[in-house]
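Notes follow the structure.
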Amino acid sequence: MRKVAVSSWATSTFTKGSKMSLFELACEPSVQLIRRNRLSAKEIDAVLFSSCATDQYSSAIISEMLGIHPKITYRIDNLCNSGTNAVTSAFAIIASGLCDTALVVGAEKVDSPGNKLLWDVTRGSFMFPVHWAAIFAKAHMRRYGTTEEQMAKVSVKNHKNATKNPHALFGKEVALEEVMNSKKIASPIKLLDCSAPCDGASAILLVSEEKARSIDNPVFIKGIGQQTTSASFAKATADLTSIEAAKRAAHLAFEMSHTKLSQIDVAELHDAFTILEILAYEDLGFAKKGEGGKFVDQQHIAINPRGGIIGCGHPVGATGVAQVAEIASQLAGKAGKRQVKHCKTGLVHNLAAAGSSASVVIMGV
Amino acid sequence: MIHFTKSYVKGIEGCYGLVEMSGIKLIGSFDTVELREGLRVKMVTCGVRPDGTPYYFFEPIRG
């Protein structure tokens, strides 16, 4: 299997109410990336499009708009996990030798159909993701004594980090009291415990190790783990204080990459709701079971330096791509104001639909 | 009843909970706030609304 590097990345500014079409949104970071690298259409073998939008033949349309004639192109939809799934596919087609260069682009409009999970009848009338997130939060609070304040601290941290990210939807800090006093959505989750759906796009270019030789400080994808446990919330996890799919995905990624948890310097964790970042600390092994709430105060590992999903906004199909773009930029030492010093190894953790599927990607220089 | 909480989505306040019923887990509504984990409950009504969304109503089993 060939090694695969992330050679370039670009992310659009996440907004609400963009007048651009889904395809125009997708092209914006892709064009930046192509121009910056002076790539010709012939140099891109594959275009993989991540989006929950149901537009037909969308990857071919985006390829044509970009002037690319790819050998391989298709759309990948797996709710919030779509972007990391697209990265996995791009990795696979390059590692196998089918392609040398793959453009992965994720884009979403705020009104994407993925925000309400109508197909999961086990949720009854409680179709919004916040309804299951509240059950996870209640379960963790009851069993381990996790507090609303600890969850609020995740929001405070990620909003603060987002102030250093010019592409983030939210560019201002929030105080702990603001989070605690924000509107109740589903107890104990409040408005500022939630991410916001938005318009946005992100693109990355993956290349084979042969192509990566011409890059200074290439960032390699060292391991990927993915796991789907179910489609419905009711079957996603037996224990409502952890995400089984994430635990399995992490195990696979660490095994494949021959990396130890202690080597991780920087991580992008799925924080669509604050409780999910706390569960991620435990599911990945950063914190002991039940101690995720206290872990938010730690300073050893940089978590969600771009602002996470809470600070950046959540254009669903773009999120996983933007997470990988962030870790690539950090490891390449090109993260600007939010650069984490001396980072060599990074991790991306992403989830979909109540944690019924998860991805973990480990990257390194 | 496995877990329950309260929703305020769209300004409508109501209790809901995750219930296990003969091995099938469902999220349903409750008309009462007198709930606790492990409480025995029964389904009192279910159906599909005109917009296609299903609903399940439960109530505690007294005694």
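Every chain in the structure tokens has a letter given in the order shown (A, B, ...), and although residue numbers restart at 1 in each chain, ligands are simply numbered from 1 in the order shown.
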
Would you mind listing, for every residue of range 117-163 of chain A within 12 Å of range 25-34 of chain B, the two atoms forming the shortest contact and the distance between them in Å to one decimal, using only C-alpha atoms, sorted by chain and ascending residue number, as CSV?
```
residue,atom,partner,partner_atom,distance
A:Asp120,CA,B:Leu26,CA,10.0
A:Val121,CA,B:Leu26,CA,8.1
A:Thr122,CA,B:Leu26,CA,4.7
A:Arg123,CA,B:Ile27,CA,4.9
A:Gly124,CA,B:Ile27,CA,5.6
A:Ser125,CA,B:Gly28,CA,7.4
A:Phe126,CA,B:Ile27,CA,7.1
A:Met127,CA,B:Ile27,CA,9.6
A:Phe128,CA,B:Ile27,CA,11.8
A:His131,CA,B:Ile27,CA,9.2
A:Trp132,CA,B:Ile27,CA,9.0
A:Ile135,CA,B:Ile27,CA,10.0
```

Taking only chain B into account, list the residues labelled strand (DSSP E) by DSSP (computed from the backbone), as an MDAnalysis selection string. chainID B and resid 3:7 14:21 24:30 41:48 54:60

Write out as JSON lines the residues of chain B that have any atom within 8 Å of an atom of chain A, one row each with the nearest atom pair and its distance in Å to one decimal, counting only C-alpha atoms, sorted by chain and then rising number.
```
{"residue": "B:His3", "atom": "CA", "partner": "A:Ile135", "partner_atom": "CA", "distance": 6.6}
{"residue": "B:Phe4", "atom": "CA", "partner": "A:Ile135", "partner_atom": "CA", "distance": 6.8}
{"residue": "B:Thr5", "atom": "CA", "partner": "A:Ser187", "partner_atom": "CA", "distance": 6.0}
{"residue": "B:Lys6", "atom": "CA", "partner": "A:Ser187", "partner_atom": "CA", "distance": 5.4}
{"residue": "B:Ser7", "atom": "CA", "partner": "A:Ala186", "partner_atom": "CA", "distance": 4.1}
{"residue": "B:Tyr8", "atom": "CA", "partner": "A:Ile185", "partner_atom": "CA", "distance": 5.0}
{"residue": "B:Val9", "atom": "CA", "partner": "A:Ile185", "partner_atom": "CA", "distance": 5.4}
{"residue": "B:Gly17", "atom": "CA", "partner": "A:Ile135", "partner_atom": "CA", "distance": 7.9}
{"residue": "B:Leu18", "atom": "CA", "partner": "A:Ile135", "partner_atom": "CA", "distance": 7.9}
{"residue": "B:Ile24", "atom": "CA", "partner": "A:Ala234", "partner_atom": "CA", "distance": 7.8}
{"residue": "B:Lys25", "atom": "CA", "partner": "A:Ala234", "partner_atom": "CA", "distance": 5.2}
{"residue": "B:Leu26", "atom": "CA", "partner": "A:Thr122", "partner_atom": "CA", "distance": 4.7}
{"residue": "B:Ile27", "atom": "CA", "partner": "A:Arg123", "partner_atom": "CA", "distance": 4.9}
{"residue": "B:Gly28", "atom": "CA", "partner": "A:Gly124", "partner_atom": "CA", "distance": 6.0}
{"residue": "B:Thr53", "atom": "CA", "partner": "A:Ser125", "partner_atom": "CA", "distance": 6.2}
{"residue": "B:Pro54", "atom": "CA", "partner": "A:Gly124", "partner_atom": "CA", "distance": 5.0}
{"residue": "B:Tyr55", "atom": "CA", "partner": "A:Gly124", "partner_atom": "CA", "distance": 4.7}
{"residue": "B:Tyr56", "atom": "CA", "partner": "A:Gly124", "partner_atom": "CA", "distance": 6.1}
```

Give me every alpha helix (DSSP H) residue in range 4-218 of chain A, going by DSSP on the backbone, as a short mmCIF file (atom, residue, chain, number, x, y, z; two decimals) with C-alpha atoms, in the first residue's frame.
```cif
data_model
loop_
_atom_site.label_atom_id
_atom_site.label_comp_id
_atom_site.auth_asym_id
_atom_site.auth_seq_id
_atom_site.Cartn_x
_atom_site.Cartn_y
_atom_site.Cartn_z
CA LEU A 22 -23.91 24.64 -3.55
CA PHE A 23 -21.70 24.14 -6.60
CA GLU A 24 -20.29 27.67 -6.46
CA LEU A 25 -19.55 27.16 -2.77
CA ALA A 26 -17.70 23.93 -3.58
CA CYS A 27 -15.66 25.60 -6.30
CA GLU A 28 -14.48 28.52 -4.13
CA PRO A 29 -11.82 26.69 -2.03
CA SER A 30 -11.11 24.27 -4.88
CA VAL A 31 -10.15 27.13 -7.20
CA GLN A 32 -7.96 28.68 -4.47
CA LEU A 33 -6.18 25.37 -4.01
CA ILE A 34 -5.73 24.74 -7.76
CA ARG A 35 -4.42 28.26 -8.41
CA ARG A 36 -2.07 28.25 -5.42
CA SER A 58 -22.98 16.77 -8.37
CA SER A 59 -19.35 15.61 -8.43
CA ALA A 60 -19.35 15.55 -12.24
CA ILE A 61 -20.90 19.03 -12.31
CA ILE A 62 -18.23 20.39 -9.93
CA SER A 63 -15.48 18.70 -11.94
CA GLU A 64 -16.76 20.34 -15.12
CA MET A 65 -17.00 23.74 -13.40
CA LEU A 66 -13.35 23.34 -12.30
CA SER A 82 -19.33 12.71 5.07
CA GLY A 83 -16.08 14.68 4.78
CA THR A 84 -13.95 12.17 6.64
CA ASN A 85 -15.57 9.37 4.63
CA ALA A 86 -14.55 11.18 1.44
CA VAL A 87 -10.99 11.47 2.76
CA THR A 88 -11.00 7.73 3.43
CA SER A 89 -12.11 7.02 -0.14
CA ALA A 90 -9.47 9.34 -1.57
CA PHE A 91 -6.83 7.69 0.62
CA ALA A 92 -7.92 4.25 -0.60
CA ILE A 93 -7.84 5.04 -4.30
CA ILE A 94 -4.38 6.60 -4.01
CA ALA A 95 -2.93 3.96 -1.70
CA PRO A 129 -29.92 15.93 16.82
CA VAL A 130 -30.15 17.98 20.03
CA HIS A 131 -32.72 15.51 21.36
CA TRP A 132 -30.30 12.58 21.42
CA ALA A 133 -27.39 14.80 22.49
CA ALA A 134 -29.44 15.81 25.56
CA ILE A 135 -29.95 12.15 26.46
CA PHE A 136 -26.18 11.53 26.20
CA ALA A 137 -25.56 14.57 28.41
CA LYS A 138 -28.13 13.51 31.02
CA ALA A 139 -26.70 10.00 31.11
CA HIS A 140 -23.13 11.27 31.62
CA MET A 141 -24.20 13.74 34.29
CA ARG A 142 -26.14 11.11 36.20
CA ARG A 143 -23.47 8.43 36.11
CA TYR A 144 -20.31 10.51 36.45
CA GLU A 148 -23.42 21.83 32.90
CA GLU A 149 -20.54 24.17 33.69
CA GLN A 150 -17.97 21.67 32.38
CA MET A 151 -19.97 21.39 29.14
CA ALA A 152 -20.17 25.18 28.95
CA LYS A 153 -16.37 25.39 29.25
CA VAL A 154 -16.07 23.45 25.98
CA SER A 155 -18.13 26.15 24.28
CA VAL A 156 -16.07 28.94 25.88
CA LYS A 157 -12.80 27.30 24.76
CA ASN A 158 -13.92 26.63 21.20
CA HIS A 159 -15.45 30.08 20.69
CA LYS A 160 -12.18 31.57 21.95
CA ASN A 161 -10.15 29.43 19.54
CA ALA A 162 -12.42 30.49 16.68
CA LEU A 176 -19.17 31.03 30.84
CA GLU A 177 -22.22 32.89 32.15
CA GLU A 178 -23.43 33.57 28.62
CA VAL A 179 -23.34 29.87 27.80
CA MET A 180 -24.99 28.92 31.09
CA GLU A 209 4.09 9.48 -1.82
CA GLU A 210 5.84 9.84 -5.19
CA LYS A 211 4.04 13.13 -5.81
CA ALA A 212 4.65 14.23 -2.21
#
```

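Remark: for Gly313 in chain A, the closest of the candidate residues A:Leu98, A:Cys194, A:Met363, A:Ile44 is A:Cys194 (distances computed over only C-alpha atoms).
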
Give me the residues near Ile221 in chain A as a PyMOL selection string, where near means some atom within 12 Å (using only C-alpha atoms) and where sequence neighbours in that chain fewer than 4 positions away do not count. chain A and resi 2-7+84+87-88+90-92+94-95+206-209+212+225+253-254+256-259+324-325+327-328+331+345-348+360-365

Kindly export the residues of the current selection with N, CA and C atoms, as a tab-separated table (two decimals), in the first residue's frame.
```
chain	number	residue	atom	x	y	z
A	2	ARG	N	0.58	2.19	-0.89
A	2	ARG	CA	1.40	3.41	-0.97
A	2	ARG	C	1.02	4.40	0.14
A	3	LYS	N	1.98	5.21	0.52
A	3	LYS	CA	1.68	6.27	1.48
A	3	LYS	C	0.92	7.39	0.77
A	4	VAL	N	0.11	8.11	1.54
A	4	VAL	CA	-0.71	9.20	0.97
A	4	VAL	C	-0.48	10.46	1.81
A	5	ALA	N	-0.25	11.56	1.12
A	5	ALA	CA	-0.02	12.84	1.82
A	5	ALA	C	-1.13	13.84	1.50
A	6	VAL	N	-1.36	14.74	2.46
A	6	VAL	CA	-2.24	15.89	2.20
A	6	VAL	C	-1.31	17.00	1.74
A	7	SER	N	-1.43	17.38	0.47
A	7	SER	CA	-0.43	18.33	-0.06
A	7	SER	C	-0.90	19.77	-0.01
A	84	THR	N	-15.00	13.13	6.29
A	84	THR	CA	-13.95	12.17	6.64
A	84	THR	C	-14.12	10.87	5.84
A	87	VAL	N	-12.45	11.55	2.60
A	87	VAL	CA	-10.99	11.47	2.76
A	87	VAL	C	-10.55	10.00	2.76
A	88	THR	N	-11.32	9.16	3.41
A	88	THR	CA	-11.00	7.73	3.43
A	88	THR	C	-11.02	7.15	2.01
A	90	ALA	N	-10.59	8.78	-0.82
A	90	ALA	CA	-9.47	9.34	-1.57
A	90	ALA	C	-8.17	8.64	-1.18
A	91	PHE	N	-8.02	8.42	0.13
A	91	PHE	CA	-6.83	7.69	0.62
A	91	PHE	C	-6.76	6.32	-0.05
A	92	ALA	N	-7.90	5.62	-0.08
A	92	ALA	CA	-7.92	4.25	-0.60
A	92	ALA	C	-7.57	4.20	-2.08
A	94	ILE	N	-5.80	6.25	-3.78
A	94	ILE	CA	-4.38	6.60	-4.01
A	94	ILE	C	-3.48	5.48	-3.48
A	95	ALA	N	-3.76	5.02	-2.29
A	95	ALA	CA	-2.93	3.96	-1.70
A	95	ALA	C	-2.93	2.71	-2.56
A	206	LEU	N	-5.10	15.33	-1.94
A	206	LEU	CA	-4.32	14.18	-1.48
A	206	LEU	C	-3.48	13.66	-2.63
A	207	VAL	N	-2.23	13.30	-2.32
A	207	VAL	CA	-1.33	12.84	-3.38
A	207	VAL	C	-0.57	11.59	-2.91
A	208	SER	N	-0.08	10.85	-3.88
A	208	SER	CA	0.73	9.66	-3.59
A	208	SER	C	2.08	10.08	-3.03
A	209	GLU	N	2.78	9.13	-2.41
A	209	GLU	CA	4.09	9.48	-1.82
A	209	GLU	C	5.08	9.94	-2.89
A	212	ALA	N	4.38	13.45	-3.42
A	212	ALA	CA	4.65	14.23	-2.21
A	212	ALA	C	6.13	14.58	-2.07
A	225	GLY	N	-9.41	4.93	10.85
A	225	GLY	CA	-10.35	3.95	11.39
A	225	GLY	C	-11.75	4.45	11.18
A	253	ALA	N	-7.53	3.13	13.93
A	253	ALA	CA	-6.61	4.17	13.43
A	253	ALA	C	-5.26	4.12	14.14
A	254	PHE	N	-5.29	3.94	15.46
A	254	PHE	CA	-4.01	3.86	16.20
A	254	PHE	C	-3.23	2.61	15.78
A	256	MET	N	-3.38	1.01	12.87
A	256	MET	CA	-2.86	1.17	11.50
A	256	MET	C	-1.66	2.12	11.46
A	257	SER	N	-1.71	3.16	12.27
A	257	SER	CA	-0.67	4.19	12.21
A	257	SER	C	0.53	3.88	13.09
A	258	HIS	N	0.43	2.83	13.90
A	258	HIS	CA	1.49	2.51	14.88
A	258	HIS	C	1.83	3.73	15.72
A	259	THR	N	0.77	4.42	16.10
A	259	THR	CA	0.94	5.65	16.90
A	259	THR	C	0.41	5.41	18.31
A	324	VAL	N	-9.72	17.91	8.60
A	324	VAL	CA	-8.46	17.36	8.07
A	324	VAL	C	-7.56	18.50	7.57
A	325	ALA	N	-8.17	19.50	6.93
A	325	ALA	CA	-7.41	20.66	6.46
A	325	ALA	C	-6.72	21.36	7.64
A	327	ILE	N	-5.80	20.08	10.62
A	327	ILE	CA	-4.68	19.30	11.18
A	327	ILE	C	-3.50	19.31	10.20
A	328	ALA	N	-3.79	19.26	8.90
A	328	ALA	CA	-2.70	19.34	7.91
A	328	ALA	C	-1.97	20.67	8.03
A	331	LEU	N	0.20	20.70	11.24
A	331	LEU	CA	1.40	19.85	11.17
A	331	LEU	C	2.42	20.40	10.18
A	345	THR	N	2.26	15.23	15.34
A	345	THR	CA	1.23	14.22	15.09
A	345	THR	C	-0.13	14.78	15.48
A	346	GLY	N	-1.12	14.56	14.62
A	346	GLY	CA	-2.45	15.09	14.88
A	346	GLY	C	-3.53	14.06	14.62
A	347	LEU	N	-4.71	14.37	15.14
A	347	LEU	CA	-5.82	13.42	15.06
A	347	LEU	C	-7.11	14.16	14.69
A	348	VAL	N	-7.90	13.52	13.84
A	348	VAL	CA	-9.24	14.03	13.52
A	348	VAL	C	-10.25	12.98	13.97
A	360	VAL	N	-11.84	8.17	12.62
A	360	VAL	CA	-10.66	8.74	13.27
A	360	VAL	C	-9.52	8.68	12.25
A	361	VAL	N	-8.88	9.81	12.04
A	361	VAL	CA	-7.77	9.91	11.09
A	361	VAL	C	-6.55	10.39	11.87
A	362	ILE	N	-5.43	9.69	11.70
A	362	ILE	CA	-4.20	10.11	12.36
A	362	ILE	C	-3.21	10.55	11.29
A	363	MET	N	-2.66	11.73	11.50
A	363	MET	CA	-1.77	12.33	10.50
A	363	MET	C	-0.44	12.69	11.16
A	364	GLY	N	0.60	12.73	10.35
A	364	GLY	CA	1.90	13.06	10.92
A	364	GLY	C	2.88	13.55	9.88
A	365	VAL	N	3.96	14.14	10.37
A	365	VAL	CA	5.01	14.63	9.47
A	365	VAL	C	6.23	13.74	9.61
```

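The two atoms in question, CA of Val296 in chain A and CA of Thr15 in chain A, are spaced 27.3 Å apart.
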
Shell around Asn350 in chain A at 10 Å using only C-alpha atoms, local window under 2 positions removed, as a list in words: Cys80, Asn81, Ser82, Gly83, Thr84, Asn85, Gln226, Ala246, Ala249, Glu268, Leu269, His270, Asp271, Ala272, Ala280, Thr319, Gly320, Gln323, Val348, Ala352, Gly355, Ser357, Ala358, Ser359, Val360 and Val361 of chain A

File of the preceding selection, C-alpha atoms, as a JSON list (two decimals), in the first residue's frame:
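Dumped everything to part.json:
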```
[["chain", "number", "residue", "atom", "x", "y", "z"],
["A", 80, "CYS", "CA", -21.68, 14.88, 9.60],
["A", 81, "ASN", "CA", -19.15, 12.14, 8.86],
["A", 82, "SER", "CA", -19.33, 12.71, 5.07],
["A", 83, "GLY", "CA", -16.08, 14.68, 4.78],
["A", 84, "THR", "CA", -13.95, 12.17, 6.64],
["A", 85, "ASN", "CA", -15.57, 9.37, 4.63],
["A", 226, "GLN", "CA", -14.03, 3.97, 10.56],
["A", 246, "ALA", "CA", -15.71, 6.16, 17.96],
["A", 249, "ALA", "CA", -12.59, 3.66, 14.93],
["A", 268, "GLU", "CA", -9.88, 18.14, 15.91],
["A", 269, "LEU", "CA", -12.75, 16.53, 17.81],
["A", 270, "HIS", "CA", -16.40, 16.44, 16.78],
["A", 271, "ASP", "CA", -18.16, 18.94, 19.04],
["A", 272, "ALA", "CA", -21.52, 19.47, 17.35],
["A", 280, "ALA", "CA", -14.57, 12.11, 22.68],
["A", 319, "THR", "CA", -16.91, 19.73, 8.30],
["A", 320, "GLY", "CA", -14.81, 16.56, 8.04],
["A", 323, "GLN", "CA", -11.06, 19.21, 10.18],
["A", 348, "VAL", "CA", -9.24, 14.03, 13.52],
["A", 352, "ALA", "CA", -22.52, 11.10, 12.36],
["A", 355, "GLY", "CA", -22.56, 8.54, 16.94],
["A", 357, "SER", "CA", -20.84, 6.09, 12.69],
["A", 358, "ALA", "CA", -17.42, 7.51, 13.44],
["A", 359, "SER", "CA", -14.09, 8.21, 11.78],
["A", 360, "VAL", "CA", -10.66, 8.74, 13.27],
["A", 361, "VAL", "CA", -7.77, 9.91, 11.09]]
```

Find the residues around Arg62 in chain B up to 12 Å (only C-alpha atoms counted), leave out those fewer than 5 positions away in its own chain, and share them as a ChimeraX atom specification. /B:34-35,39-42

Interatomic distance (Å, one decimal) between CA of Asn304 in chain A and CA of Ala53 in chain A: 26.0 Å

Please, what distance in Å, to one decimal, runs between CA of Ile310 in chain A and CA of Glu255 in chain A? 29.5 Å

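If you count only C-alpha atoms and ignore residues fewer than 4 places along the chain from Val44 in chain B, what sits within 9 Å of it is Tyr56, Phe57, Phe58 and Glu59 of chain B.
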
Keeping only C-alpha atoms, take the residues you just selected and write them out as a short mmCIF file (atom, residue, chain, number, x, y, z; two decimals), in the first residue's frame.
```
data_model
loop_
_atom_site.label_atom_id
_atom_site.label_comp_id
_atom_site.auth_asym_id
_atom_site.auth_seq_id
_atom_site.Cartn_x
_atom_site.Cartn_y
_atom_site.Cartn_z
CA TYR B 56 -45.22 7.56 20.74
CA PHE B 57 -46.85 8.54 24.05
CA PHE B 58 -46.03 6.73 27.26
CA GLU B 59 -47.21 6.97 30.85
#
```
